[in-house]
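The file data_8.pdb contains PDB, C-alpha atoms and all ligand atoms:
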MODEL        1
ATOM      1  CA  MET U   1     166.510 171.171 142.178  1.00  0.00           C
ATOM      2  CA  ASN U   2     164.709 173.811 144.129  1.00  0.00           C
ATOM      3  CA  VAL U   3     164.716 173.931 147.915  1.00  0.00           C
ATOM      4  CA  PRO U   4     163.360 176.777 150.053  1.00  0.00           C
ATOM      5  CA  LEU U   5     166.694 177.798 151.536  1.00  0.00           C
ATOM      6  CA  PRO U   6     168.316 181.245 151.546  1.00  0.00           C
ATOM      7  CA  PHE U   7     171.048 181.473 148.911  1.00  0.00           C
ATOM      8  CA  ALA U   8     171.382 185.231 148.335  1.00  0.00           C
ATOM      9  CA  LEU U   9     172.786 188.117 150.357  1.00  0.00           C
ATOM     10  CA  GLY U  10     171.815 191.332 148.632  1.00  0.00           C
ATOM     11  CA  ALA U  11     173.259 191.234 145.141  1.00  0.00           C
ATOM     12  CA  HIS U  12     175.362 188.161 145.933  1.00  0.00           C
ATOM     13  CA  ALA U  13     174.080 184.652 145.312  1.00  0.00           C
ATOM     14  CA  LEU U  14     175.686 181.291 145.946  1.00  0.00           C
ATOM     15  CA  PRO U  15     176.549 179.340 142.769  1.00  0.00           C
ATOM     16  CA  ASP U  16     174.163 176.754 141.349  1.00  0.00           C
ATOM     17  CA  LEU U  17     176.460 173.857 142.277  1.00  0.00           C
ATOM     18  CA  VAL U  18     176.241 174.891 145.924  1.00  0.00           C
ATOM     19  CA  ARG U  19     172.447 175.051 145.702  1.00  0.00           C
ATOM     20  CA  ASP U  20     172.443 171.612 144.100  1.00  0.00           C
ATOM     21  CA  ALA U  21     174.600 170.173 146.896  1.00  0.00           C
ATOM     22  CA  ALA U  22     172.254 171.633 149.513  1.00  0.00           C
ATOM     23  CA  ALA U  23     169.203 170.314 147.675  1.00  0.00           C
ATOM     24  CA  ALA U  24     170.719 166.839 147.365  1.00  0.00           C
ATOM     25  CA  PHE U  25     171.438 166.833 151.105  1.00  0.00           C
ATOM     26  CA  VAL U  26     167.823 167.775 151.873  1.00  0.00           C
ATOM     27  CA  GLU U  27     166.559 165.095 149.522  1.00  0.00           C
ATOM     28  CA  ARG U  28     168.708 162.343 151.110  1.00  0.00           C
ATOM     29  CA  ASP U  29     167.289 163.288 154.521  1.00  0.00           C
ATOM     30  CA  ASP U  30     170.255 161.799 156.398  1.00  0.00           C
ATOM     31  CA  ARG U  31     170.812 164.258 159.242  1.00  0.00           C
ATOM     32  CA  SER U  32     173.447 162.252 161.107  1.00  0.00           C
ATOM     33  CA  PRO U  33     176.548 164.111 162.315  1.00  0.00           C
ATOM     34  CA  GLU U  34     178.592 162.374 159.613  1.00  0.00           C
ATOM     35  CA  ALA U  35     176.143 163.326 156.864  1.00  0.00           C
ATOM     36  CA  ARG U  36     176.173 166.942 158.006  1.00  0.00           C
ATOM     37  CA  ALA U  37     179.965 166.925 158.119  1.00  0.00           C
ATOM     38  CA  ARG U  38     180.121 165.339 154.677  1.00  0.00           C
ATOM     39  CA  LEU U  39     177.976 168.187 153.315  1.00  0.00           C
ATOM     40  CA  VAL U  40     180.312 170.929 154.559  1.00  0.00           C
ATOM     41  CA  ILE U  41     183.357 169.025 153.317  1.00  0.00           C
ATOM     42  CA  GLN U  42     181.677 168.738 149.915  1.00  0.00           C
ATOM     43  CA  LEU U  43     181.050 172.491 150.062  1.00  0.00           C
ATOM     44  CA  SER U  44     184.700 173.138 150.953  1.00  0.00           C
ATOM     45  CA  LYS U  45     185.722 171.211 147.850  1.00  0.00           C
ATOM     46  CA  LEU U  46     183.228 173.104 145.689  1.00  0.00           C
ATOM     47  CA  SER U  47     184.562 176.412 147.012  1.00  0.00           C
ATOM     48  CA  THR U  48     187.948 175.601 145.550  1.00  0.00           C
ATOM     49  CA  GLU U  49     186.708 173.971 142.355  1.00  0.00           C
ATOM     50  CA  LEU U  50     184.353 176.801 141.452  1.00  0.00           C
ATOM     51  CA  ASP U  51     186.865 179.635 141.322  1.00  0.00           C
ATOM     52  CA  ASN U  52     189.843 178.881 143.502  1.00  0.00           C
ATOM     53  CA  GLY U  53     188.137 180.162 146.632  1.00  0.00           C
ATOM     54  CA  GLY U  54     189.429 179.172 150.043  1.00  0.00           C
ATOM     55  CA  PRO U  55     188.672 175.481 150.685  1.00  0.00           C
ATOM     56  CA  PHE U  56     186.054 176.039 153.355  1.00  0.00           C
ATOM     57  CA  GLY U  57     182.395 175.110 153.757  1.00  0.00           C
ATOM     58  CA  ALA U  58     179.836 175.610 156.516  1.00  0.00           C
ATOM     59  CA  ALA U  59     176.167 174.995 157.193  1.00  0.00           C
ATOM     60  CA  ILE U  60     173.609 175.806 159.853  1.00  0.00           C
ATOM     61  CA  PHE U  61     171.003 173.355 161.096  1.00  0.00           C
ATOM     62  CA  ASP U  62     167.904 173.814 163.213  1.00  0.00           C
ATOM     63  CA  ALA U  63     166.940 171.955 166.389  1.00  0.00           C
ATOM     64  CA  ASP U  64     165.802 168.959 164.306  1.00  0.00           C
ATOM     65  CA  ASP U  65     169.087 168.987 162.355  1.00  0.00           C
ATOM     66  CA  LYS U  66     167.280 170.223 159.263  1.00  0.00           C
ATOM     67  CA  LEU U  67     169.385 172.364 156.959  1.00  0.00           C
ATOM     68  CA  VAL U  68     168.843 176.126 157.419  1.00  0.00           C
ATOM     69  CA  SER U  69     171.648 177.605 155.313  1.00  0.00           C
ATOM     70  CA  VAL U  70     174.990 176.838 153.682  1.00  0.00           C
ATOM     71  CA  GLY U  71     178.127 178.862 153.039  1.00  0.00           C
ATOM     72  CA  ILE U  72     181.385 178.660 151.135  1.00  0.00           C
ATOM     73  CA  ASN U  73     184.303 181.066 151.059  1.00  0.00           C
ATOM     74  CA  ARG U  74     183.312 184.045 148.862  1.00  0.00           C
ATOM     75  CA  VAL U  75     185.999 186.577 149.819  1.00  0.00           C
ATOM     76  CA  VAL U  76     187.350 186.974 146.288  1.00  0.00           C
ATOM     77  CA  PRO U  77     184.171 186.662 144.161  1.00  0.00           C
ATOM     78  CA  TRP U  78     182.078 188.820 146.505  1.00  0.00           C
ATOM     79  CA  GLY U  79     184.924 191.219 147.225  1.00  0.00           C
ATOM     80  CA  SER U  80     185.043 191.362 151.005  1.00  0.00           C
ATOM     81  CA  TYR U  81     187.060 189.876 153.851  1.00  0.00           C
ATOM     82  CA  GLU U  82     183.876 189.098 155.763  1.00  0.00           C
ATOM     83  CA  PHE U  83     182.642 186.359 153.456  1.00  0.00           C
ATOM     84  CA  HIS U  84     184.295 183.351 155.055  1.00  0.00           C
ATOM     85  CA  ALA U  85     182.190 180.183 154.759  1.00  0.00           C
ATOM     86  CA  GLU U  86     180.941 180.485 158.344  1.00  0.00           C
ATOM     87  CA  GLY U  87     180.124 184.172 157.864  1.00  0.00           C
ATOM     88  CA  VAL U  88     178.103 183.449 154.726  1.00  0.00           C
ATOM     89  CA  ALA U  89     176.175 180.620 156.439  1.00  0.00           C
ATOM     90  CA  LEU U  90     175.519 182.784 159.521  1.00  0.00           C
ATOM     91  CA  ALA U  91     174.365 185.780 157.486  1.00  0.00           C
ATOM     92  CA  LEU U  92     172.100 183.641 155.310  1.00  0.00           C
ATOM     93  CA  ALA U  93     170.613 181.961 158.399  1.00  0.00           C
ATOM     94  CA  LYS U  94     169.879 185.387 159.849  1.00  0.00           C
ATOM     95  CA  THR U  95     167.758 186.227 156.792  1.00  0.00           C
ATOM     96  CA  VAL U  96     165.312 183.487 157.795  1.00  0.00           C
ATOM     97  CA  ALA U  97     165.324 184.453 161.486  1.00  0.00           C
ATOM     98  CA  PRO U  98     164.683 188.201 161.254  1.00  0.00           C
ATOM     99  CA  GLU U  99     162.478 188.425 164.337  1.00  0.00           C
ATOM    100  CA  HIS U 100     165.371 188.280 166.829  1.00  0.00           C
ATOM    101  CA  PHE U 101     168.747 189.946 167.066  1.00  0.00           C
ATOM    102  CA  MET U 102     170.377 186.556 167.580  1.00  0.00           C
ATOM    103  CA  LEU U 103     170.048 183.237 165.845  1.00  0.00           C
ATOM    104  CA  PRO U 104     167.937 180.665 167.727  1.00  0.00           C
ATOM    105  CA  GLU U 105     170.106 179.005 170.346  1.00  0.00           C
ATOM    106  CA  ARG U 106     169.002 175.509 169.419  1.00  0.00           C
ATOM    107  CA  TRP U 107     170.463 175.952 165.947  1.00  0.00           C
ATOM    108  CA  SER U 108     174.016 174.817 165.317  1.00  0.00           C
ATOM    109  CA  LEU U 109     176.890 175.441 162.944  1.00  0.00           C
ATOM    110  CA  VAL U 110     178.905 172.737 161.228  1.00  0.00           C
ATOM    111  CA  THR U 111     182.122 173.862 159.571  1.00  0.00           C
ATOM    112  CA  SER U 112     184.767 172.060 157.530  1.00  0.00           C
ATOM    113  CA  SER U 113     187.632 173.654 159.497  1.00  0.00           C
ATOM    114  CA  ALA U 114     188.097 175.243 162.903  1.00  0.00           C
ATOM    115  CA  PRO U 115     187.080 178.918 162.817  1.00  0.00           C
ATOM    116  CA  CYS U 116     189.550 181.771 162.311  1.00  0.00           C
ATOM    117  CA  CYS U 117     189.661 184.619 164.835  1.00  0.00           C
ATOM    118  CA  MET U 118     186.986 186.611 162.957  1.00  0.00           C
ATOM    119  CA  CYS U 119     184.590 183.700 162.636  1.00  0.00           C
ATOM    120  CA  PHE U 120     185.204 182.671 166.242  1.00  0.00           C
ATOM    121  CA  GLY U 121     183.961 186.102 167.280  1.00  0.00           C
ATOM    122  CA  ARG U 122     180.917 185.912 165.056  1.00  0.00           C
ATOM    123  CA  ILE U 123     180.077 182.426 166.294  1.00  0.00           C
ATOM    124  CA  PHE U 124     180.599 183.530 169.908  1.00  0.00           C
ATOM    125  CA  TRP U 125     178.054 186.340 169.550  1.00  0.00           C
ATOM    126  CA  SER U 126     175.673 184.584 167.142  1.00  0.00           C
ATOM    127  CA  GLY U 127     173.295 183.173 169.722  1.00  0.00           C
ATOM    128  CA  LEU U 128     173.999 179.622 168.548  1.00  0.00           C
ATOM    129  CA  ARG U 129     174.900 176.967 171.123  1.00  0.00           C
ATOM    130  CA  GLY U 130     176.282 174.225 168.904  1.00  0.00           C
ATOM    131  CA  LEU U 131     179.488 173.993 166.862  1.00  0.00           C
ATOM    132  CA  ALA U 132     180.819 170.930 165.045  1.00  0.00           C
ATOM    133  CA  ILE U 133     184.170 171.017 163.249  1.00  0.00           C
ATOM    134  CA  CYS U 134     185.923 168.661 160.842  1.00  0.00           C
ATOM    135  CA  ALA U 135     189.565 169.783 160.383  1.00  0.00           C
ATOM    136  CA  ARG U 136     191.609 171.449 163.092  1.00  0.00           C
ATOM    137  CA  ARG U 137     193.201 174.870 163.070  1.00  0.00           C
ATOM    138  CA  GLU U 138     196.647 173.349 162.663  1.00  0.00           C
ATOM    139  CA  ASP U 139     195.417 171.416 159.623  1.00  0.00           C
ATOM    140  CA  VAL U 140     194.383 174.681 157.948  1.00  0.00           C
ATOM    141  CA  GLU U 141     197.648 176.411 158.727  1.00  0.00           C
ATOM    142  CA  SER U 142     199.954 173.528 157.818  1.00  0.00           C
ATOM    143  CA  LEU U 143     198.143 172.341 154.684  1.00  0.00           C
ATOM    144  CA  THR U 144     196.973 175.599 153.071  1.00  0.00           C
ATOM    145  CA  GLY U 145     199.069 178.431 154.469  1.00  0.00           C
ATOM    146  CA  PHE U 146     195.941 180.373 155.482  1.00  0.00           C
ATOM    147  CA  ASP U 147     196.428 182.254 158.742  1.00  0.00           C
ATOM    148  CA  GLU U 148     193.687 181.654 161.332  1.00  0.00           C
ATOM    149  CA  GLY U 149     194.667 184.793 163.248  1.00  0.00           C
ATOM    150  CA  PRO U 150     195.108 185.385 166.978  1.00  0.00           C
ATOM    151  CA  ILE U 151     192.477 183.062 168.391  1.00  0.00           C
ATOM    152  CA  PRO U 152     192.750 182.145 172.110  1.00  0.00           C
ATOM    153  CA  ASP U 153     194.310 178.733 172.774  1.00  0.00           C
ATOM    154  CA  GLU U 154     191.346 177.842 174.970  1.00  0.00           C
ATOM    155  CA  TRP U 155     188.714 178.943 172.427  1.00  0.00           C
ATOM    156  CA  GLN U 156     186.764 175.692 172.781  1.00  0.00           C
ATOM    157  CA  SER U 157     186.554 176.214 176.557  1.00  0.00           C
ATOM    158  CA  LEU U 158     185.381 179.788 176.048  1.00  0.00           C
ATOM    159  CA  LEU U 159     182.539 178.532 173.867  1.00  0.00           C
ATOM    160  CA  ARG U 160     181.657 175.742 176.297  1.00  0.00           C
ATOM    161  CA  ALA U 161     181.561 178.287 179.121  1.00  0.00           C
ATOM    162  CA  ARG U 162     178.940 180.043 177.035  1.00  0.00           C
ATOM    163  CA  SER U 163     176.889 176.822 176.920  1.00  0.00           C
ATOM    164  CA  PHE U 164     178.071 175.732 173.488  1.00  0.00           C
ATOM    165  CA  THR U 165     178.374 172.090 172.620  1.00  0.00           C
ATOM    166  CA  VAL U 166     181.677 171.855 170.711  1.00  0.00           C
ATOM    167  CA  THR U 167     182.432 168.712 168.719  1.00  0.00           C
ATOM    168  CA  GLU U 168     185.762 168.323 166.915  1.00  0.00           C
ATOM    169  CA  ASP U 169     187.487 165.991 164.456  1.00  0.00           C
ATOM    170  CA  ILE U 170     184.348 164.795 162.647  1.00  0.00           C
ATOM    171  CA  LEU U 171     185.588 163.170 159.418  1.00  0.00           C
ATOM    172  CA  ARG U 172     188.816 165.071 159.996  1.00  0.00           C
ATOM    173  CA  ASP U 173     190.791 163.049 157.446  1.00  0.00           C
ATOM    174  CA  GLU U 174     188.249 163.778 154.681  1.00  0.00           C
ATOM    175  CA  ALA U 175     188.374 167.488 155.477  1.00  0.00           C
ATOM    176  CA  ARG U 176     192.177 167.403 155.567  1.00  0.00           C
ATOM    177  CA  ALA U 177     192.251 165.818 152.121  1.00  0.00           C
ATOM    178  CA  VAL U 178     190.427 168.827 150.660  1.00  0.00           C
ATOM    179  CA  LEU U 179     192.788 171.224 152.424  1.00  0.00           C
ATOM    180  CA  ALA U 180     195.801 169.271 151.190  1.00  0.00           C
ATOM    181  CA  ALA U 181     194.567 169.488 147.583  1.00  0.00           C
ATOM    182  CA  TYR U 182     194.201 173.273 147.725  1.00  0.00           C
ATOM    183  CA  LYS U 183     196.407 175.135 145.283  1.00  0.00           C
ATOM    184  CA  GLY U 184     194.621 178.480 145.178  1.00  0.00           C
ATOM    185  CA  PRO U 185     195.988 182.019 145.102  1.00  0.00           C
ATOM    186  CA  LEU U 186     196.836 182.030 148.787  1.00  0.00           C
ATOM    187  CA  TYR U 187     198.703 178.759 148.544  1.00  0.00           C
ATOM    188  CA  GLN U 188     201.893 179.257 150.498  1.00  0.00           C
ATOM    189  CA  ARG U 189     202.909 176.191 152.413  1.00  0.00           C
ATOM    190  CA  ALA U 190     205.357 176.465 155.220  1.00  0.00           C
ATOM    191  CA  SER U 191     207.531 173.968 153.366  1.00  0.00           C
ATOM    192  CA  GLY U 192     208.109 176.634 150.743  1.00  0.00           C
ATOM    193  CA  ASP U 193     206.780 174.676 147.760  1.00  0.00           C
ATOM    194  CA  GLY U 194     204.077 177.253 147.059  1.00  0.00           C
ATOM    195  CA  PRO U 195     204.440 180.604 145.317  1.00  0.00           C
ATOM    196  CA  ALA U 196     206.035 183.420 147.282  1.00  0.00           C
ATOM    197  CA  GLN U 197     203.518 185.856 148.788  1.00  0.00           C
TER
HETATM  198 ZN    ZN J   1     186.852 182.732 159.223  1.00  0.00          ZN
ENDMDL
END
Represent the supplied structure as structure tokens.
Ligand SMILES: [Zn+2]
Amino acid sequence: MNVPLPFALGAHALPDLVRDAAAAFVERDDRSPEARARLVIQLSKLSTELDNGGPFGAAIFDADDKLVSVGINRVVPWGSYEFHAEGVALALAKTVAPEHFMLPERWSLVTSSAPCCMCFGRIFWSGLRGLAICARREDVESLTGFDEGPIPDEWQSLLRARSFTVTEDILRDEARAVLAAYKGPLYQRASGDGPAQ
């Protein structure tokens, strides 16, 4: 399937299965909050299945909830810390909004898990005014061992004070199931049943 969405950042391109998932979402034309959440959860699962990437997916939607861009974790395959799912989706969205420094404020980000400290900063400065999240920060840290970093406890309030609409816990259980199934290279559960790091 071919949809006119951005899938490449310089020499890096998202895998075909990610493009197919985005195209299928566009074709279904269900832009409900649950459908958008289901897309990023599907992307989080693909991120792991493709090459053991972190189990995270994100997507950006315009004011009509039409899909603008998608992202999955590409830190290992693309070789840089910056390529978290949210970062990939934000950077790809910026390629189709080159006329401004910021992304349009009526666009919004949907992400399979609460943002880490780096992504929180990028979201904060992005120009967006909408953020919807499936799994919580504590889900990420307890189920995968990934460290979300030093993010303020009141991060949702900080975004709302900046006129963001923040929605949490959308299909949280489905997102948690993907996190719980993660057995990638950074797998290091607090319970100690993962490999030593
Ligand atoms: Zn992040």
Counting only C-alpha atoms, which residues in segment 57-150 of chain U sit no more than 10 Å from segment 9-25 of chain U? For each one, give the nearest pair of atoms and the distance in Å, sorted by chain then residue number, as a Markdown table.
| residue | atom | partner | partner_atom | distance |
| --- | --- | --- | --- | --- |
| U:Gly57 | CA | U:Val18 | CA | 10.0 |
| U:Ala59 | CA | U:Ala22 | CA | 9.3 |
| U:Lys66 | CA | U:Phe25 | CA | 9.8 |
| U:Leu67 | CA | U:Ala22 | CA | 8.0 |
| U:Val68 | CA | U:Ala22 | CA | 9.7 |
| U:Ser69 | CA | U:Ala22 | CA | 8.3 |
| U:Val70 | CA | U:Ala22 | CA | 7.2 |
| U:Gly71 | CA | U:Leu14 | CA | 7.9 |
| U:Ile72 | CA | U:Leu14 | CA | 8.1 |
| U:Arg74 | CA | U:Leu14 | CA | 8.6 |
| U:Pro77 | CA | U:His12 | CA | 9.1 |
| U:Trp78 | CA | U:His12 | CA | 6.8 |
| U:Val88 | CA | U:Leu9 | CA | 8.3 |
| U:Ala91 | CA | U:Leu9 | CA | 7.7 |
| U:Leu92 | CA | U:Leu9 | CA | 6.7 |
| U:Thr95 | CA | U:Leu9 | CA | 8.4 |
Given all atoms listed in the file as the basis, pick out the residue of U:Gln42, U:Ser142, U:Ser112, U:Ser163 nearest to ligand ZN 1 (chain J).
U:Ser112
Separating atom CA of Gly53 of chain U from atom CA of Glu34 of chain U, to the nearest tenth of an Å, is a gap of 24.0 Å
Please extract the residues at most 12 Å from ligand ZN 1 (chain J), counting only C-alpha atoms and all ligand atoms, and provide them as a PDB file with C-alpha atoms, in the frame of the given file, using the chain letters and residue numbers of this document.
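Final file, result22.pdb:
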ATOM      1  CA  GLY U  54     189.429 179.172 150.043  1.00  0.00           C
ATOM      2  CA  PRO U  55     188.672 175.481 150.685  1.00  0.00           C
ATOM      3  CA  PHE U  56     186.054 176.039 153.355  1.00  0.00           C
ATOM      4  CA  GLY U  57     182.395 175.110 153.757  1.00  0.00           C
ATOM      5  CA  ALA U  58     179.836 175.610 156.516  1.00  0.00           C
ATOM      6  CA  GLY U  71     178.127 178.862 153.039  1.00  0.00           C
ATOM      7  CA  ILE U  72     181.385 178.660 151.135  1.00  0.00           C
ATOM      8  CA  ASN U  73     184.303 181.066 151.059  1.00  0.00           C
ATOM      9  CA  ARG U  74     183.312 184.045 148.862  1.00  0.00           C
ATOM     10  CA  VAL U  75     185.999 186.577 149.819  1.00  0.00           C
ATOM     11  CA  TYR U  81     187.060 189.876 153.851  1.00  0.00           C
ATOM     12  CA  GLU U  82     183.876 189.098 155.763  1.00  0.00           C
ATOM     13  CA  PHE U  83     182.642 186.359 153.456  1.00  0.00           C
ATOM     14  CA  HIS U  84     184.295 183.351 155.055  1.00  0.00           C
ATOM     15  CA  ALA U  85     182.190 180.183 154.759  1.00  0.00           C
ATOM     16  CA  GLU U  86     180.941 180.485 158.344  1.00  0.00           C
ATOM     17  CA  GLY U  87     180.124 184.172 157.864  1.00  0.00           C
ATOM     18  CA  VAL U  88     178.103 183.449 154.726  1.00  0.00           C
ATOM     19  CA  ALA U  89     176.175 180.620 156.439  1.00  0.00           C
ATOM     20  CA  LEU U  90     175.519 182.784 159.521  1.00  0.00           C
ATOM     21  CA  THR U 111     182.122 173.862 159.571  1.00  0.00           C
ATOM     22  CA  SER U 112     184.767 172.060 157.530  1.00  0.00           C
ATOM     23  CA  SER U 113     187.632 173.654 159.497  1.00  0.00           C
ATOM     24  CA  ALA U 114     188.097 175.243 162.903  1.00  0.00           C
ATOM     25  CA  PRO U 115     187.080 178.918 162.817  1.00  0.00           C
ATOM     26  CA  CYS U 116     189.550 181.771 162.311  1.00  0.00           C
ATOM     27  CA  CYS U 117     189.661 184.619 164.835  1.00  0.00           C
ATOM     28  CA  MET U 118     186.986 186.611 162.957  1.00  0.00           C
ATOM     29  CA  CYS U 119     184.590 183.700 162.636  1.00  0.00           C
ATOM     30  CA  PHE U 120     185.204 182.671 166.242  1.00  0.00           C
ATOM     31  CA  GLY U 121     183.961 186.102 167.280  1.00  0.00           C
ATOM     32  CA  ARG U 122     180.917 185.912 165.056  1.00  0.00           C
ATOM     33  CA  ILE U 123     180.077 182.426 166.294  1.00  0.00           C
ATOM     34  CA  ARG U 137     193.201 174.870 163.070  1.00  0.00           C
ATOM     35  CA  VAL U 140     194.383 174.681 157.948  1.00  0.00           C
ATOM     36  CA  PHE U 146     195.941 180.373 155.482  1.00  0.00           C
ATOM     37  CA  ASP U 147     196.428 182.254 158.742  1.00  0.00           C
ATOM     38  CA  GLU U 148     193.687 181.654 161.332  1.00  0.00           C
ATOM     39  CA  GLY U 149     194.667 184.793 163.248  1.00  0.00           C
ATOM     40  CA  PRO U 150     195.108 185.385 166.978  1.00  0.00           C
ATOM     41  CA  ILE U 151     192.477 183.062 168.391  1.00  0.00           C
TER      42      ILE U 151
END
Have a look at atom CA of Gly127 of chain U and atom CA of Ala8 of chain U and let me know their distance in Å, one decimal.
21.6 Å
Show which residues sit within 6 Å of segment 172-184 of chain U, as a list in words. Count all atoms listed in the file, and ignore same-chain residues fewer than 4 positions away.
Ile41, Lys45, Asn52, Cys134, Ala135 and Leu143 of chain U
Just how far from atom CA of Pro4 of chain U is atom CA of Leu109 of chain U, in Å to one decimal?
18.7 Å
Env of Thr167 of chain U: 9 Å cut, atoms = all atoms listed in the file, seq-sep filter 5 positions within chain, self excluded. Answer as a PyMOL selection string.
chain U and resi 130-134
Given the file shown, enumerate the residues that the PyMOL selection byres (((chain U and resi 103) around 7) and not hetatm) captures and present them as JSON, numbers by chain.
{"U": [94, 97, 100, 101, 102, 104, 105, 126, 127, 128]}
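When all atoms listed in the file are used to measure the gap to Arg160 of chain U, the shortest distance among U:Pro98, U:Ala93, U:Arg129, U:Phe61 belongs to U:Arg129.
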Written as JSON, numbers by chain, what is the full residue list that the PyMOL selection byres (((chain U and resi 64) around 12) and not hetatm) yields on the file shown?
{"U": [29, 30, 31, 32, 33, 60, 61, 62, 63, 65, 66, 67, 68, 106, 107, 108]}
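Considering the residues U:Glu141, U:Arg136, U:Val40, U:Leu46 and counting all atoms listed in the file, Gln156 of chain U has its shortest atom-to-atom contact with U:Arg136.
For the choices U:Asp139, U:Trp125, U:Val76, U:Ala35, the atom-to-atom distance to Phe164 of chain U is smallest for U:Trp125 when using only C-alpha atoms.
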Exercise on segment 138-144 of chain U, axis-aligned box with 8 Å per side, report centre and edge lengths in Å to one decimal, as JSON:
{"center_x": 197.2, "center_y": 173.9, "center_z": 157.9, "size_x": 21.6, "size_y": 21.0, "size_z": 25.6}
Could you write segment 75-92 of chain U as a JSON list (two decimals), keeping the file's coordinate frame, with N, CA and C atoms rebuilt where they are missing?
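Generated output (out.json):
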[["chain", "number", "residue", "atom", "x", "y", "z"],
["U", 75, "VAL", "N", 185.23, 185.34, 149.63],
["U", 75, "VAL", "CA", 186.00, 186.58, 149.82],
["U", 75, "VAL", "C", 186.37, 187.21, 148.47],
["U", 76, "VAL", "N", 186.91, 186.41, 147.57],
["U", 76, "VAL", "CA", 187.35, 186.97, 146.29],
["U", 76, "VAL", "C", 186.17, 187.30, 145.37],
["U", 77, "PRO", "N", 185.26, 186.34, 145.10],
["U", 77, "PRO", "CA", 184.17, 186.66, 144.16],
["U", 77, "PRO", "C", 183.20, 187.73, 144.67],
["U", 78, "TRP", "N", 183.00, 187.82, 145.98],
["U", 78, "TRP", "CA", 182.08, 188.82, 146.50],
["U", 78, "TRP", "C", 182.81, 190.06, 147.01],
["U", 79, "GLY", "N", 184.14, 190.01, 146.99],
["U", 79, "GLY", "CA", 184.92, 191.22, 147.22],
["U", 79, "GLY", "C", 184.95, 191.75, 148.64],
["U", 80, "SER", "N", 184.90, 190.85, 149.64],
["U", 80, "SER", "CA", 185.04, 191.36, 151.00],
["U", 80, "SER", "C", 185.58, 190.29, 151.94],
["U", 81, "TYR", "N", 186.45, 190.75, 152.84],
["U", 81, "TYR", "CA", 187.06, 189.88, 153.85],
["U", 81, "TYR", "C", 186.04, 189.12, 154.68],
["U", 82, "GLU", "N", 184.84, 189.66, 154.80],
["U", 82, "GLU", "CA", 183.88, 189.10, 155.76],
["U", 82, "GLU", "C", 183.23, 187.81, 155.29],
["U", 83, "PHE", "N", 183.39, 187.49, 154.00],
["U", 83, "PHE", "CA", 182.64, 186.36, 153.46],
["U", 83, "PHE", "C", 183.39, 185.03, 153.57],
["U", 84, "HIS", "N", 183.83, 184.70, 154.77],
["U", 84, "HIS", "CA", 184.30, 183.35, 155.06],
["U", 84, "HIS", "C", 183.08, 182.43, 155.03],
["U", 85, "ALA", "N", 183.31, 181.12, 154.88],
["U", 85, "ALA", "CA", 182.19, 180.18, 154.76],
["U", 85, "ALA", "C", 181.23, 180.31, 155.95],
["U", 86, "GLU", "N", 181.79, 180.39, 157.16],
["U", 86, "GLU", "CA", 180.94, 180.48, 158.34],
["U", 86, "GLU", "C", 180.14, 181.78, 158.33],
["U", 87, "GLY", "N", 180.80, 182.88, 157.91],
["U", 87, "GLY", "CA", 180.12, 184.17, 157.86],
["U", 87, "GLY", "C", 178.97, 184.18, 156.88],
["U", 88, "VAL", "N", 179.17, 183.53, 155.73],
["U", 88, "VAL", "CA", 178.10, 183.45, 154.73],
["U", 88, "VAL", "C", 176.93, 182.63, 155.28],
["U", 89, "ALA", "N", 177.25, 181.47, 155.89],
["U", 89, "ALA", "CA", 176.18, 180.62, 156.44],
["U", 89, "ALA", "C", 175.42, 181.34, 157.56],
["U", 90, "LEU", "N", 176.16, 182.05, 158.42],
["U", 90, "LEU", "CA", 175.52, 182.78, 159.52],
["U", 90, "LEU", "C", 174.63, 183.90, 158.98],
["U", 91, "ALA", "N", 175.14, 184.65, 158.03],
["U", 91, "ALA", "CA", 174.36, 185.78, 157.49],
["U", 91, "ALA", "C", 173.12, 185.28, 156.75],
["U", 92, "LEU", "N", 173.27, 184.19, 156.01],
["U", 92, "LEU", "CA", 172.10, 183.64, 155.31],
["U", 92, "LEU", "C", 171.07, 183.11, 156.31]]
